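See structure below.
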Amino acid sequence: LPFGRANQWNFGLSASQTLFNPALAGRSTAANAALDRAELVLAAERARAILDAAQAYLDAQLAERLLIIADSSLAQAERTLTETRLAREVGNAAEFDLLRASVARDNQRPVVIQRRVQRDQAVLRLRQLLDLPAGTVITLVTPLGDTSAVALPPFAATIAAAGAGGAVDRGPVRQAEAGLRASAGNLSSARGSRLPSLALSSDYAKIAFPDDVFGIKNFLTDWTVAVRVRVPLFTGGALRSDVLAAEAARDDAALRLRQATETATREAESLELEMQG
């Protein structure tokens with residue numbers, strides 16, 4: 001017997017397996033829905049990053065083109081001033097013409113400075129979005145307005161194709177649907193926690209009680225198998241409050257889905273009208 005023994009050796013294994021738990025199905029549904037929503041958010045953020053980079057690239061191209069136009073206008077104003085000055089010297093132009101040409105040239109200089117600043121800011125934003133080191137020289141090789149040379153990545157093309165199916169296929173709507181499924185799974189789990197659950201457990205142990213610490217002669221075997229039924233009888237209203245909170249979260253997710261669907265429908269109709277106009 002173990003009582004009064006000076007030494008005791010105990011080596012054991014323990015195993016447990018849930019046989020029936022109504023809350024597990026809801027947890028699995030909520031976890032899968034949360035995973036789907038996270039993947040949708042990740043894909044949307046990646047597509048947004050590509051959109052921002054493409055927009056920054058086109059803005060830099062436009063700023064470069066406007067700078068070229070401003071430089072050309074300044075050069076033309078300089079030539080007009082030179083020609084008017086020569087005409088004034090030979091008596092073929094009035095002093096007012098010379099003054100007007102000088103004012104036009106001076107008015108064009110701030111425009112060139114402003115266009116150059118805008119070009120530098122556009123290139124800086126593009127460099128930041130591309131995560132390039134400071135001072136990296138960027139060469140814009142795609143012609144302005146040539147959209148055929150820009151190819152979307154596979155995942156962005158997939159998102160664009162999915163969004164073309166209508167308002168219900170848009171990213172925000174699909175995210176709201178995944179959120180509703182997750183809330184419904186949490187509600188099912190909360191309701192399942194009020195039901196009985198069944199679990200199987202087993203403990204296996206080898207026990208020895210030697211008189212000397214290392215004088216082990218034989219081990220005794222202790223092996224038990226148990227089936228446990230868990231029935232929540234009284235929890236002080238905790239389970240009821242969990243169900244009410246899950247129901248409120250489910251209703252909130254349903255309203256968010258409805259709002260996202262209405263917003264996507266309105267945006268699709270507005271875009272269609274703009275394209276028709």
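Residue numbering restarts at 1 for every chain of the structure tokens, chains are lettered A, B, ... in their displayed order, and ligands are numbered from 1 as they appear.
DSSP, applied to the backbone of this structure, assigns strand (DSSP E or B) to the following residues of stretch 16-103 of chain A: Ser16, Gln17, Thr18, Leu19 and Phe20 of chain A.
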Limited to N, CA, C and O atoms, could you put the picked residues into a file as a PDB file, in the first residue's frame?
ATOM      1  N   SER A  16      -7.623  11.989 -23.435  1.00  0.00           N
ATOM      2  CA  SER A  16      -9.010  12.430 -23.354  1.00  0.00           C
ATOM      3  C   SER A  16      -9.533  12.701 -24.756  1.00  0.00           C
ATOM      4  O   SER A  16      -8.799  13.206 -25.613  1.00  0.00           O
ATOM      5  N   GLN A  17     -10.775  12.326 -25.001  1.00  0.00           N
ATOM      6  CA  GLN A  17     -11.401  12.517 -26.306  1.00  0.00           C
ATOM      7  C   GLN A  17     -12.859  12.915 -26.111  1.00  0.00           C
ATOM      8  O   GLN A  17     -13.605  12.237 -25.407  1.00  0.00           O
ATOM      9  N   THR A  18     -13.234  14.026 -26.749  1.00  0.00           N
ATOM     10  CA  THR A  18     -14.628  14.462 -26.694  1.00  0.00           C
ATOM     11  C   THR A  18     -15.457  13.639 -27.668  1.00  0.00           C
ATOM     12  O   THR A  18     -15.143  13.555 -28.855  1.00  0.00           O
ATOM     13  N   LEU A  19     -16.498  13.038 -27.184  1.00  0.00           N
ATOM     14  CA  LEU A  19     -17.384  12.227 -28.014  1.00  0.00           C
ATOM     15  C   LEU A  19     -18.546  13.033 -28.571  1.00  0.00           C
ATOM     16  O   LEU A  19     -18.944  12.843 -29.725  1.00  0.00           O
ATOM     17  N   PHE A  20     -19.080  13.940 -27.780  1.00  0.00           N
ATOM     18  CA  PHE A  20     -20.223  14.731 -28.229  1.00  0.00           C
ATOM     19  C   PHE A  20     -20.207  16.064 -27.501  1.00  0.00           C
ATOM     20  O   PHE A  20     -20.163  16.115 -26.269  1.00  0.00           O
TER      21      PHE A  20
END
DSSP alpha helix (DSSP H) residues within stretch 50-236 of chain A, as a VMD selection string: chain A and resid 50 to 89 95 to 129 154 to 163 171 to 192
Under the rule that only C-alpha atoms are counted, which of A:Leu126, A:Ala246, A:Leu195, A:Ile138 is the nearest residue to A:Pro232?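 Nearest to A:Pro232: A:Leu195.
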Pick from A:Thr224, A:Asn21, A:Asn92, A:Thr235 nearest to A:Ser188, counting only C-alpha atoms: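 Comparing A:Thr224, A:Asn21, A:Asn92, A:Thr235 against A:Ser188, the winner is A:Asn21.
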Go through A:Ala43, A:Val103, A:Ala93, A:Leu13 one by one, measure the shortest atom-to-atom distance of each to A:Lys206 using only C-alpha atoms, and give the residue with the smallest value. A:Leu13
Could you check which of A:Ile216, A:Ala208, A:Ala53, A:Ala190 is closest to A:Ala245, using only C-alpha atoms?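 The shortest atom-to-atom distance to A:Ala245 comes from A:Ala190.
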A:Ala264: which residues within 8 Å, counting only C-alpha atoms, same-chain residues fewer than 5 positions away excluded, as a list in words?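 Contacts, with the query itself left out: Ala167, Val168, Arg170, Pro172 and Val173 of chain A.
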Any idea what the distance is between atom CA of A:Ala254 and atom CA of A:Gly185? 13.1 Å
Have a look at A:Ala87, A:Ala176, A:Leu130, A:Ala238 and name the one nearest to A:Ala38; count only C-alpha atoms.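 Once distances to A:Ala38 are computed over only C-alpha atoms, the minimum belongs to A:Ala176.
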May I have the residues within 8 Å of A:Arg116 as a list in words, using only C-alpha atoms and disregarding those fewer than 5 positions away in the same chain?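 My list of contacting residues is Ala63, Glu64 and Leu67 of chain A.
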Selection above as a file: C-alpha atoms, as a compact mmCIF listing (two decimals), in the first residue's frame:
# COMPACT_ATOMS: atom_id res chain seq x y z
CA ALA A 63 2.86 65.51 -63.50
CA GLU A 64 5.84 64.85 -65.79
CA LEU A 67 5.96 69.89 -66.46
Pick from A:Ser241, A:Ala56, A:Leu86, A:Ala75, whichever lies nearest to A:Gln121 using only C-alpha atoms: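 Of the candidates, the smallest distance to A:Gln121 is held by A:Ala56.
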Separation of atom CA of A:Arg174 from atom CA of A:Leu271, in Å and rounded to one decimal: 19.6 Å
Correct to one decimal, the distance atom CA of A:Gly12-atom CA of A:Ser197 is 26.1 Å
